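The structure file run00.txt is reproduced below (compact mmCIF, C-alpha atoms and all ligand atoms).
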```
# COMPACT_ATOMS: atom_id res chain seq x y z
CA MET A 10 26.96 -7.42 -0.58
CA SER A 11 28.61 -7.40 -3.97
CA ASN A 12 27.42 -9.32 -6.97
CA PRO A 13 29.86 -12.19 -7.32
CA ASN A 14 28.33 -13.26 -10.58
CA PRO A 15 27.45 -10.20 -12.61
CA GLY A 16 26.46 -12.36 -15.53
CA THR A 17 23.19 -13.38 -13.88
CA ALA A 18 20.03 -11.31 -13.99
CA GLY A 19 20.56 -10.41 -10.34
CA ALA A 20 18.23 -9.64 -7.50
CA VAL A 21 16.86 -6.38 -6.18
CA LEU A 22 16.63 -5.71 -2.48
CA VAL A 23 13.37 -3.86 -1.85
CA LEU A 24 13.21 -1.86 1.38
CA ASN A 25 10.20 -0.34 3.05
CA SER A 26 11.50 1.66 5.96
CA GLY A 27 8.96 2.70 8.60
CA SER A 28 9.40 4.61 11.84
CA SER A 29 10.13 1.53 13.94
CA SER A 30 10.27 -1.22 11.33
CA ILE A 31 11.93 -2.21 8.08
CA LYS A 32 10.23 -4.59 5.66
CA PHE A 33 12.55 -6.17 3.13
CA LYS A 34 12.26 -8.49 0.20
CA LEU A 35 14.90 -9.88 -2.11
CA VAL A 36 13.28 -10.27 -5.50
CA GLU A 37 14.43 -11.64 -8.84
CA PRO A 38 12.68 -9.18 -11.13
CA ALA A 39 12.97 -11.31 -14.25
CA SER A 40 11.23 -14.38 -12.84
CA GLY A 41 9.22 -12.60 -10.14
CA ASN A 42 10.64 -15.07 -7.60
CA THR A 43 11.13 -13.99 -4.00
CA LEU A 44 14.47 -15.24 -2.68
CA ALA A 45 14.03 -13.98 0.86
CA GLN A 46 11.82 -11.60 2.78
CA GLY A 47 11.31 -10.42 6.28
CA LEU A 48 10.42 -7.81 8.82
CA ILE A 49 12.45 -6.04 11.45
CA GLU A 50 10.20 -4.75 14.18
CA ARG A 51 10.42 -2.60 17.29
CA ILE A 52 13.61 -0.85 16.26
CA GLY A 53 14.89 1.21 19.18
CA GLU A 54 12.93 -0.78 21.77
CA PRO A 55 14.50 -3.31 24.16
CA GLU A 56 12.69 -6.27 22.61
CA GLY A 57 13.32 -6.10 18.87
CA ARG A 58 12.40 -8.88 16.50
CA ILE A 59 13.55 -10.01 13.08
CA THR A 60 11.33 -12.42 11.19
CA PHE A 61 12.82 -13.85 8.11
CA HIS A 62 11.55 -16.18 5.36
CA HIS A 63 13.86 -17.60 2.74
CA THR A 64 13.73 -20.34 0.13
CA THR A 65 14.46 -23.09 2.65
CA GLY A 66 12.55 -21.98 5.73
CA LYS A 67 11.89 -19.35 8.35
CA ASP A 68 14.08 -17.72 10.98
CA GLU A 69 13.29 -15.55 13.93
CA ARG A 70 15.71 -13.52 16.04
CA PHE A 71 14.99 -11.54 19.15
CA GLY A 72 17.01 -8.87 20.89
CA GLU A 73 17.61 -5.18 20.92
CA ILE A 74 17.93 -3.52 17.53
CA LEU A 75 19.44 -0.17 18.39
CA ASP A 76 18.50 1.75 15.27
CA HIS A 77 17.74 1.41 11.55
CA ARG A 78 21.44 0.96 10.78
CA ALA A 79 21.69 -2.00 13.15
CA GLY A 80 18.51 -3.42 11.63
CA LEU A 81 19.74 -3.15 8.08
CA ARG A 82 23.14 -4.58 8.99
CA ALA A 83 21.38 -7.56 10.53
CA VAL A 84 19.44 -8.06 7.30
CA LEU A 85 22.59 -7.99 5.19
CA GLU A 86 24.33 -10.40 7.54
CA ILE A 87 21.43 -12.81 7.30
CA LEU A 88 21.36 -12.49 3.52
CA GLU A 89 25.12 -13.21 3.37
CA GLY A 90 24.67 -16.16 5.70
CA LEU A 91 22.11 -17.80 3.47
CA GLY A 92 24.88 -18.94 1.18
CA ARG A 93 25.18 -19.94 -2.38
CA PRO A 94 21.83 -19.55 -4.04
CA LEU A 95 21.53 -16.02 -2.77
CA HIS A 96 25.13 -15.23 -3.59
CA ASP A 97 24.64 -16.43 -7.09
CA ALA A 98 21.75 -14.08 -7.45
CA GLY A 99 23.70 -11.07 -6.22
CA ILE A 100 22.09 -7.77 -5.33
CA VAL A 101 22.27 -5.41 -8.28
CA ALA A 102 20.06 -2.60 -6.98
CA VAL A 103 18.11 -1.47 -3.97
CA GLY A 104 14.53 -0.32 -4.51
CA HIS A 105 13.17 1.96 -1.81
CA ARG A 106 9.45 2.26 -1.26
CA LEU A 107 8.99 5.96 -0.59
CA VAL A 108 5.68 7.35 0.53
CA HIS A 109 5.27 11.01 -0.36
CA GLY A 110 6.80 12.45 -3.51
CA GLY A 111 4.73 15.64 -3.29
CA ASN A 112 4.76 17.74 -6.44
CA VAL A 113 8.41 16.86 -6.97
CA PHE A 114 8.69 13.15 -7.84
CA HIS A 115 6.48 11.64 -10.53
CA GLU A 116 8.44 8.54 -11.45
CA PRO A 117 11.06 6.10 -10.15
CA THR A 118 14.15 8.15 -9.32
CA LEU A 119 17.83 7.33 -8.90
CA ILE A 120 18.65 8.32 -5.34
CA ASP A 121 21.45 10.79 -4.67
CA ASP A 122 22.03 13.34 -1.90
CA ASP A 123 19.67 15.84 -3.53
CA VAL A 124 16.87 13.30 -3.71
CA VAL A 125 17.31 12.36 -0.04
CA ARG A 126 17.19 16.05 0.87
CA ALA A 127 14.07 16.63 -1.23
CA VAL A 128 12.25 13.65 0.33
CA ASP A 129 13.24 15.01 3.73
CA GLU A 130 11.82 18.42 2.82
CA LEU A 131 8.52 16.75 1.92
CA SER A 132 8.24 15.43 5.48
CA GLU A 133 5.88 18.26 6.31
CA LEU A 134 3.30 16.58 4.06
CA ALA A 135 3.96 13.08 5.47
CA PRO A 136 5.36 13.40 9.00
CA LEU A 137 4.58 9.77 9.82
CA HIS A 138 6.32 8.33 6.77
CA ASN A 139 8.95 10.41 4.99
CA PRO A 140 11.41 10.82 7.90
CA ALA A 141 11.66 7.02 8.24
CA ASN A 142 12.10 6.69 4.47
CA VAL A 143 14.98 9.16 4.67
CA VAL A 144 16.74 7.16 7.38
CA GLY A 145 16.27 3.99 5.31
CA MET A 146 17.84 5.60 2.24
CA GLU A 147 20.76 7.05 4.18
CA VAL A 148 21.63 3.84 5.96
CA ALA A 149 21.18 1.61 2.91
CA ARG A 150 23.33 3.86 0.73
CA GLU A 151 26.10 3.76 3.31
CA GLU A 152 25.91 0.00 3.69
CA LEU A 153 25.60 -0.72 -0.04
CA PRO A 154 27.44 2.16 -1.69
CA ASP A 155 28.38 0.52 -4.97
CA ILE A 156 24.98 -0.26 -6.44
CA PRO A 157 22.18 2.00 -7.61
CA HIS A 158 19.46 2.93 -5.13
CA VAL A 159 16.13 3.77 -6.70
CA GLY A 160 13.17 5.47 -5.02
CA VAL A 161 9.65 4.43 -6.05
CA PHE A 162 6.98 6.77 -4.73
CA ASP A 163 3.54 5.74 -3.53
CA THR A 164 2.16 8.99 -4.89
CA ALA A 165 3.77 8.89 -8.33
CA PHE A 166 1.05 7.08 -10.30
CA PHE A 167 -1.57 9.59 -9.15
CA HIS A 168 0.45 12.60 -10.25
CA GLY A 169 -1.55 12.42 -13.44
CA LEU A 170 -4.94 12.85 -11.74
CA PRO A 171 -7.14 15.36 -13.54
CA ALA A 172 -7.15 18.73 -11.75
CA LYS A 173 -10.86 18.43 -10.96
CA ALA A 174 -10.17 15.25 -8.98
CA ALA A 175 -6.93 16.46 -7.38
CA THR A 176 -8.22 19.83 -6.22
CA TYR A 177 -9.82 20.44 -2.84
CA ALA A 178 -12.47 23.16 -2.88
CA ILE A 179 -10.64 25.45 -0.47
CA ASP A 180 -9.10 28.90 -0.78
CA ARG A 181 -6.75 28.65 -3.76
CA ASP A 182 -4.03 30.77 -2.14
CA VAL A 183 -3.91 28.55 0.94
CA ALA A 184 -3.92 25.45 -1.25
CA ARG A 185 -1.03 26.75 -3.37
CA LYS A 186 0.99 28.07 -0.46
CA TYR A 187 0.89 24.75 1.39
CA ASP A 188 0.79 22.37 -1.61
CA ILE A 189 -2.60 21.07 -0.54
CA ARG A 190 -4.06 18.72 -3.15
CA ARG A 191 -5.05 15.11 -3.55
CA TYR A 192 -1.83 13.15 -4.01
CA GLY A 193 -3.14 9.59 -3.60
CA PHE A 194 -1.18 6.62 -2.24
CA HIS A 195 -0.75 2.88 -2.94
CA GLY A 196 -0.03 4.07 -6.48
CA THR A 197 2.47 1.29 -7.17
CA SER A 198 -0.20 -1.27 -6.29
CA HIS A 199 -3.02 0.36 -8.27
CA GLU A 200 -0.81 0.62 -11.35
CA TYR A 201 0.56 -2.93 -11.07
CA VAL A 202 -2.84 -4.48 -10.44
CA SER A 203 -4.52 -2.63 -13.29
CA HIS A 204 -1.92 -3.92 -15.75
CA ARG A 205 -2.24 -7.45 -14.40
CA ALA A 206 -6.02 -7.17 -14.74
CA ALA A 207 -5.72 -6.17 -18.39
CA ASP A 208 -3.36 -9.09 -19.03
CA PHE A 209 -5.72 -11.46 -17.24
CA LEU A 210 -8.61 -10.29 -19.40
CA GLY A 211 -6.47 -10.46 -22.54
CA ARG A 212 -7.40 -6.85 -23.26
CA ASP A 213 -5.40 -3.74 -24.04
CA ILE A 214 -5.29 -1.59 -20.92
CA ALA A 215 -5.84 1.46 -23.14
CA GLU A 216 -9.44 0.38 -23.70
CA LEU A 217 -10.37 -0.53 -20.11
CA ASN A 218 -12.20 1.32 -17.35
CA LEU A 219 -11.32 -0.16 -13.98
CA VAL A 220 -12.22 0.34 -10.36
CA VAL A 221 -9.39 -1.03 -8.21
CA LEU A 222 -10.01 -1.71 -4.51
CA HIS A 223 -6.77 -2.11 -2.55
CA LEU A 224 -8.01 -3.45 0.79
CA GLY A 225 -5.16 -4.13 3.19
CA ASN A 226 -4.43 -2.63 6.55
CA GLY A 227 -4.49 0.64 4.71
CA ALA A 228 -7.18 0.77 2.03
CA SER A 229 -7.79 2.83 -1.06
CA ALA A 230 -9.93 2.83 -4.19
CA SER A 231 -9.07 4.16 -7.60
CA ALA A 232 -10.82 4.82 -10.88
CA ILE A 233 -8.55 4.08 -13.85
CA ALA A 234 -9.32 4.75 -17.51
CA GLY A 235 -6.97 3.50 -20.19
CA GLY A 236 -4.26 2.87 -17.60
CA ARG A 237 -4.41 6.47 -16.31
CA PRO A 238 -5.80 7.47 -12.91
CA VAL A 239 -9.07 9.37 -12.97
CA ASP A 240 -9.69 9.51 -9.22
CA THR A 241 -8.49 7.96 -5.99
CA SER A 242 -9.73 7.89 -2.43
CA MET A 243 -6.60 8.84 -0.46
CA GLY A 244 -5.79 12.51 -0.43
CA LEU A 245 -3.17 14.90 0.90
CA THR A 246 -2.38 12.08 3.34
CA PRO A 247 -3.34 8.39 3.43
CA LEU A 248 -6.08 9.22 5.94
CA GLU A 249 -8.89 10.00 3.49
CA GLY A 250 -11.29 7.60 1.82
CA LEU A 251 -12.15 4.04 2.75
CA VAL A 252 -12.42 2.73 6.31
CA MET A 253 -9.07 1.13 7.24
CA GLY A 254 -7.59 -0.99 10.01
CA THR A 255 -6.85 1.96 12.27
CA ARG A 256 -7.64 5.01 10.10
CA SER A 257 -11.03 6.64 9.88
CA GLY A 258 -11.11 7.35 6.16
CA ASP A 259 -13.61 10.08 5.21
CA ILE A 260 -14.96 12.18 8.04
CA ASP A 261 -16.47 15.63 8.27
CA PRO A 262 -13.44 17.93 8.69
CA GLY A 263 -15.62 19.78 11.20
CA ILE A 264 -14.97 16.89 13.59
CA VAL A 265 -11.31 17.93 13.79
CA MET A 266 -12.22 21.52 14.74
CA HIS A 267 -14.78 20.27 17.22
CA LEU A 268 -12.26 18.01 18.94
CA ARG A 269 -9.74 20.84 18.98
CA ARG A 270 -12.25 23.15 20.63
CA VAL A 271 -13.21 20.61 23.27
CA GLY A 272 -9.55 20.42 24.24
CA MET A 273 -7.72 17.76 22.22
CA ASP A 274 -4.35 18.84 20.87
CA VAL A 275 -3.30 18.23 17.29
CA ASP A 276 -1.06 15.26 18.04
CA THR A 277 -3.83 13.55 19.99
CA ILE A 278 -6.28 14.08 17.12
CA ASP A 279 -3.68 12.82 14.66
CA ASP A 280 -3.19 9.70 16.77
CA LEU A 281 -6.95 9.26 17.16
CA LEU A 282 -7.69 9.40 13.43
CA ASN A 283 -4.62 7.49 12.22
CA ARG A 284 -4.16 4.84 14.92
CA ARG A 285 -7.30 4.57 17.04
CA SER A 286 -10.06 4.83 14.44
CA GLY A 287 -11.29 2.68 11.56
CA LEU A 288 -12.07 -0.94 12.41
CA LYS A 289 -9.96 -0.70 15.56
CA GLY A 290 -11.79 2.36 16.81
CA MET A 291 -15.25 0.95 16.14
CA SER A 292 -14.67 -2.64 17.27
CA GLY A 293 -11.44 -2.82 19.29
CA VAL A 294 -9.56 -4.86 16.67
CA ASN A 295 -7.86 -3.75 13.47
CA ASP A 296 -7.09 -7.15 11.95
CA PHE A 297 -9.87 -8.24 9.61
CA ARG A 298 -9.79 -11.88 10.68
CA ALA A 299 -10.16 -10.84 14.30
CA LEU A 300 -13.07 -8.62 13.31
CA LEU A 301 -14.84 -11.48 11.53
CA LYS A 302 -14.38 -13.68 14.57
CA LEU A 303 -16.08 -11.07 16.74
CA VAL A 304 -18.89 -10.76 14.19
CA GLU A 305 -19.40 -14.54 14.31
CA GLU A 306 -19.55 -14.38 18.09
CA GLY A 307 -22.39 -11.87 17.84
CA ASP A 308 -20.44 -8.74 18.83
CA GLU A 309 -22.63 -5.81 17.78
CA ASP A 310 -19.85 -3.21 17.57
CA ALA A 311 -17.90 -5.53 15.28
CA ARG A 312 -21.01 -6.05 13.12
CA LEU A 313 -21.49 -2.31 12.82
CA ALA A 314 -17.80 -1.80 11.99
CA TYR A 315 -18.09 -4.42 9.23
CA ASP A 316 -21.21 -2.72 7.85
CA VAL A 317 -19.57 0.73 7.87
CA TYR A 318 -16.53 -0.74 6.11
CA VAL A 319 -18.60 -2.36 3.36
CA HIS A 320 -20.93 0.65 3.02
CA ARG A 321 -17.94 2.92 2.33
CA ILE A 322 -16.60 0.58 -0.35
CA ARG A 323 -20.01 0.51 -2.08
CA LYS A 324 -20.13 4.29 -2.05
CA TYR A 325 -16.77 4.54 -3.81
CA VAL A 326 -17.53 1.81 -6.34
CA GLY A 327 -20.74 3.66 -7.19
CA ALA A 328 -19.09 7.06 -7.45
CA TYR A 329 -16.22 5.78 -9.57
CA THR A 330 -18.49 3.78 -11.85
CA PHE A 331 -20.33 7.02 -12.63
CA GLU A 332 -17.15 9.04 -12.98
CA LEU A 333 -15.87 6.51 -15.52
CA GLY A 334 -19.21 6.29 -17.33
CA GLY A 335 -19.32 2.54 -16.67
CA VAL A 336 -16.62 0.01 -15.86
CA ASP A 337 -15.21 -3.09 -17.50
CA ALA A 338 -13.93 -4.60 -14.26
CA VAL A 339 -13.90 -4.16 -10.51
CA VAL A 340 -10.65 -5.51 -9.08
CA PHE A 341 -10.03 -6.61 -5.50
CA THR A 342 -6.52 -6.71 -4.07
CA GLY A 343 -4.65 -6.41 -0.72
CA GLY A 344 -4.87 -8.79 2.25
CA VAL A 345 -8.62 -8.35 2.71
CA GLY A 346 -9.50 -8.01 -0.99
CA GLU A 347 -7.52 -11.12 -1.93
CA ASN A 348 -8.73 -13.29 0.93
CA ASN A 349 -12.07 -12.20 2.23
CA ILE A 350 -15.14 -13.75 0.67
CA ASP A 351 -17.67 -11.72 2.68
CA VAL A 352 -16.34 -8.28 1.78
CA ARG A 353 -16.21 -9.13 -1.92
CA ARG A 354 -19.76 -10.50 -1.84
CA ASP A 355 -21.32 -7.79 0.32
CA SER A 356 -19.69 -4.77 -1.26
CA LEU A 357 -21.09 -5.74 -4.68
CA ALA A 358 -24.35 -7.40 -3.56
CA GLY A 359 -27.62 -6.50 -5.27
CA LEU A 360 -26.03 -4.68 -8.20
CA GLY A 361 -27.41 -6.97 -10.92
CA ARG A 362 -29.33 -4.13 -12.51
CA LEU A 363 -26.00 -2.29 -12.93
CA GLY A 364 -24.52 -5.37 -14.59
CA ILE A 365 -22.42 -6.48 -11.62
CA VAL A 366 -23.01 -10.05 -10.46
CA VAL A 367 -20.58 -11.92 -8.20
CA ASP A 368 -20.76 -15.69 -8.63
CA ASP A 369 -21.05 -17.37 -5.26
CA ALA A 370 -19.19 -20.57 -6.19
CA ARG A 371 -16.33 -18.65 -7.82
CA ASN A 372 -16.10 -16.21 -4.93
CA THR A 373 -15.96 -18.93 -2.31
CA ALA A 374 -13.72 -21.35 -4.23
CA ASP A 375 -10.55 -22.24 -2.36
CA GLU A 376 -8.25 -20.61 -4.88
CA ARG A 377 -5.35 -18.21 -4.81
CA GLY A 378 -3.84 -16.17 -7.55
CA GLU A 379 -5.47 -14.12 -10.27
CA ARG A 380 -9.07 -15.13 -10.85
CA ARG A 381 -12.50 -14.08 -12.02
CA ILE A 382 -15.30 -14.18 -9.47
CA SER A 383 -18.09 -12.63 -11.53
CA ALA A 384 -20.88 -14.70 -13.06
CA ASP A 385 -20.86 -15.39 -16.79
CA SER A 386 -23.98 -13.22 -16.96
CA SER A 387 -22.20 -10.25 -15.35
CA GLN A 388 -21.53 -7.39 -17.76
CA VAL A 389 -18.81 -6.15 -15.44
CA GLU A 390 -15.92 -8.49 -14.70
CA VAL A 391 -15.11 -8.86 -11.03
CA LEU A 392 -11.52 -9.98 -10.48
CA VAL A 393 -9.20 -10.86 -7.64
CA ILE A 394 -5.64 -9.86 -8.52
CA PRO A 395 -2.96 -10.29 -5.83
CA THR A 396 -0.83 -7.19 -5.60
CA ASP A 397 2.95 -7.33 -5.55
CA GLU A 398 4.29 -3.88 -4.82
CA GLU A 399 7.78 -5.21 -4.16
CA LEU A 400 8.00 -6.86 -7.55
CA ALA A 401 6.82 -3.64 -9.20
CA ILE A 402 9.44 -1.69 -7.24
CA ALA A 403 12.14 -4.24 -8.09
CA ARG A 404 11.34 -3.99 -11.79
CA ALA A 405 11.38 -0.21 -11.66
CA ALA A 406 14.76 -0.31 -9.88
CA LEU A 407 16.23 -2.77 -12.37
CA ALA A 408 15.62 -0.30 -15.16
CA PHE A 409 18.44 1.82 -13.66
CA VAL A 410 21.01 -1.00 -13.59
P1 LIG B 1 -0.72 -4.10 4.60
O1 LIG B 1 -1.56 -2.91 4.27
O2 LIG B 1 -0.09 -4.02 5.95
O3 LIG B 1 0.20 -4.52 3.48
P2 LIG B 1 -2.19 -6.51 3.94
O4 LIG B 1 -2.45 -6.18 2.51
O5 LIG B 1 -1.28 -7.62 4.24
O6 LIG B 1 -1.78 -5.23 4.78
O7 LIG B 1 -3.62 -6.82 4.61
C1 LIG B 1 -3.73 -7.05 5.96
C2 LIG B 1 -5.19 -7.36 6.26
O8 LIG B 1 -5.59 -8.49 5.49
C3 LIG B 1 -5.44 -7.71 7.71
O9 LIG B 1 -6.58 -7.02 8.17
C4 LIG B 1 -5.71 -9.21 7.66
O10 LIG B 1 -6.59 -9.63 8.65
C5 LIG B 1 -6.34 -9.35 6.30
N1 LIG B 1 -6.24 -10.74 5.87
C6 LIG B 1 -5.13 -11.42 5.56
N2 LIG B 1 -5.44 -12.71 5.28
C7 LIG B 1 -6.77 -12.84 5.43
C8 LIG B 1 -7.71 -13.89 5.29
N3 LIG B 1 -7.31 -15.12 4.93
N4 LIG B 1 -9.00 -13.63 5.53
C9 LIG B 1 -9.41 -12.39 5.88
N5 LIG B 1 -8.58 -11.36 6.03
C10 LIG B 1 -7.29 -11.56 5.81
```

Please express what this file holds, its structure, as C-alpha cells.
Amino acid sequence: MSNPNPGTAGAVLVLNSGSSSIKFKLVEPASGNTLAQGLIERIGEPEGRITFHHTTGKDERFGEILDHRAGLRAVLEILEGLGRPLHDAGIVAVGHRLVHGGNVFHEPTLIDDDVVRAVDELSELAPLHNPANVVGMEVAREELPDIPHVGVFDTAFFHGLPAKAATYAIDRDVARKYDIRRYGFHGTSHEYVSHRAADFLGRDIAELNLVVLHLGNGASASAIAGGRPVDTSMGLTPLEGLVMGTRSGDIDPGIVMHLRRVGMDVDTIDDLLNRRSGLKGMSGVNDFRALLKLVEEGDEDARLAYDVYVHRIRKYVGAYTFELGGVDAVVFTGGVGENNIDVRRDSLAGLGRLGIVVDDARNTADERGERRISADSSQVEVLVIPTDEELAIARAALAFV
C-alpha cells in the first residue's frame, strides 16, 4: 500500500508474527492514535480467523489461511478496503516486533537481508519465536517492498544489564560457547512504561528507581535505575521469573533433569514448562479472569495458583527493592497489572513499614489510563501505567523514515 499523501505524518504498520498468528496494528506515531488493529489466528489450519477492529467498527472473517503470506495479504486487502481515512494516513514504515536479538541487536534496526539472516541464526536461542519472526519479515518485505522495515527487539533494552545480573553462575566456557546469559524480554514495554511513569510523576527519569511489573499472559519484572535496567526476571528465554499464564517461571533446574531421567523427552518438557504450566498447569485455566471466577467458586487449586502467582511477585518486588537500595515507584502494567485489583492489592499488602501503601479506594476506582493507586502517606508511589508496545515500536520505526 503506497502512501498517496506523503505530506501527512503517516502511519506505521506494526507486525507481531507468531508461529500460527499475526497481530497487527496500524498506528499514527505522532498522535498515538490506532487506526486499525487485528489478529490473524490459526494460520495453516482449516479454520482460520481474522479479527479486525478499525475506527468505525469490528470485522471478523473465517476460512482457511494457508500461510503467513496469505494472512498478511488479507490484512493489506482489508486495510485498502477501509477507504479514505486510512489511505490519507498512508503506511510509511513497517515495525516488526522481534523477540530475540541475542548479543547481536541492541537497538531498533533497519531490516535488510543480512538482518533477516542474523535473526534466523538466533533461532537456536528462541526456537518458539524467531523462526516466525523471520517469516513475518520476509513476507512483509515482499508485499511492501518500497518502505522501510524496522526490527524492534524484545531483548534490546536489557542489553545494558550489569554483568552481575546478566551472568548465570555456570561454567564460563559453556556459557560463552553457547551464548548463555540473561537476555530479558518485554524490553520495549519496560522501557516505554518507565518513561511514561517518570512523565506521570513529573520527574526526570534519570533520578528515579523503579520496579516495573509487566503482568500479561507472559509476565516479567524489572528493576530500573535512572532509565537503565539493573535486573529483570526473564532470562535466556522468556520462561524464567514470574508465574505466567502457561509458563512456570522460576523452577529448580533439577526438575528438568529429573523429568528427563524418568523418561520425558526434551520437547515434552519444553511443552510442559512453556504451555502446560503456570496458572494453566496449577488450575486448568490460563486466563486471569477465568482463574478469578474459579477462586470465587471456591476452587482450591485455583486459590493456590493465585497465591503462588502473588507470592512470586512479592519475592521479586522485595529483591529488586533491595537491589535498587529503595524505590521511588512500583509500576503495574499488562492485562492483569492494568485491570486486576486483587493482584495489585495482594502483591503489595502489609508493606507499610517499607513505605509501600496501596490506597483501597484508588485501587478499586473504576478508572482506566495512567493513575496513582498509592496512599498519600505512601513513601513509594504505586502506579498503573498501560503499556503500548506497538506505539513504542511505531515511534522507533518512524525514526528511520
Ligand atoms: P499478552 O501477554 O498476550 O499481551 P495481555 O497483556 O493482554 O496479554 O494480558 C492478558 C491477561 O490479562 C489475561 O490473563 C486476561 O485475563 C487478563 N485481563 C485482561 N483484562 C482483565 C480484567 N479486566 N480483569 C482481570 N484480568 C484481565

From the set A:Ala102, A:Ile350, A:Val21, A:Val143, which residue has the shortest atom-to-atom contact distance to ligand LIG 1 (chain B), counting only C-alpha atoms and all ligand atoms?
A:Ile350

Grab me every residue within 8 Å of ligand LIG 1 (chain B), counting only C-alpha atoms and all ligand atoms, and send it over as a PyMOL selection string.
chain A and resi 223-228+254+295-299+301+342-350

Need the axis-aligned box for segment 192-211 of chain A with 8 Å each side, so what are the centre and edges in Å to one decimal, as JSON?
```
{"center_x": -3.1, "center_y": 0.8, "center_z": -12.4, "size_x": 27.1, "size_y": 40.6, "size_z": 36.3}
```

Excluding Ile402 of chain A and any residue of its chain fewer than 3 positions from it, enumerate the residues within 6 Å of it, using only C-alpha atoms, and give them as a ChimeraX atom specification.
/A:104,399,405

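Residues within 6 Å of Leu222 of chain A, counting only C-alpha atoms and excluding same-chain residues fewer than 2 positions away, are Leu224, Ala230, Val340 and Phe341 of chain A.
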
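If you look at atom CA of Ile49 of chain A and atom CA of Arg70 of chain A, they are 9.4 Å away from each other.
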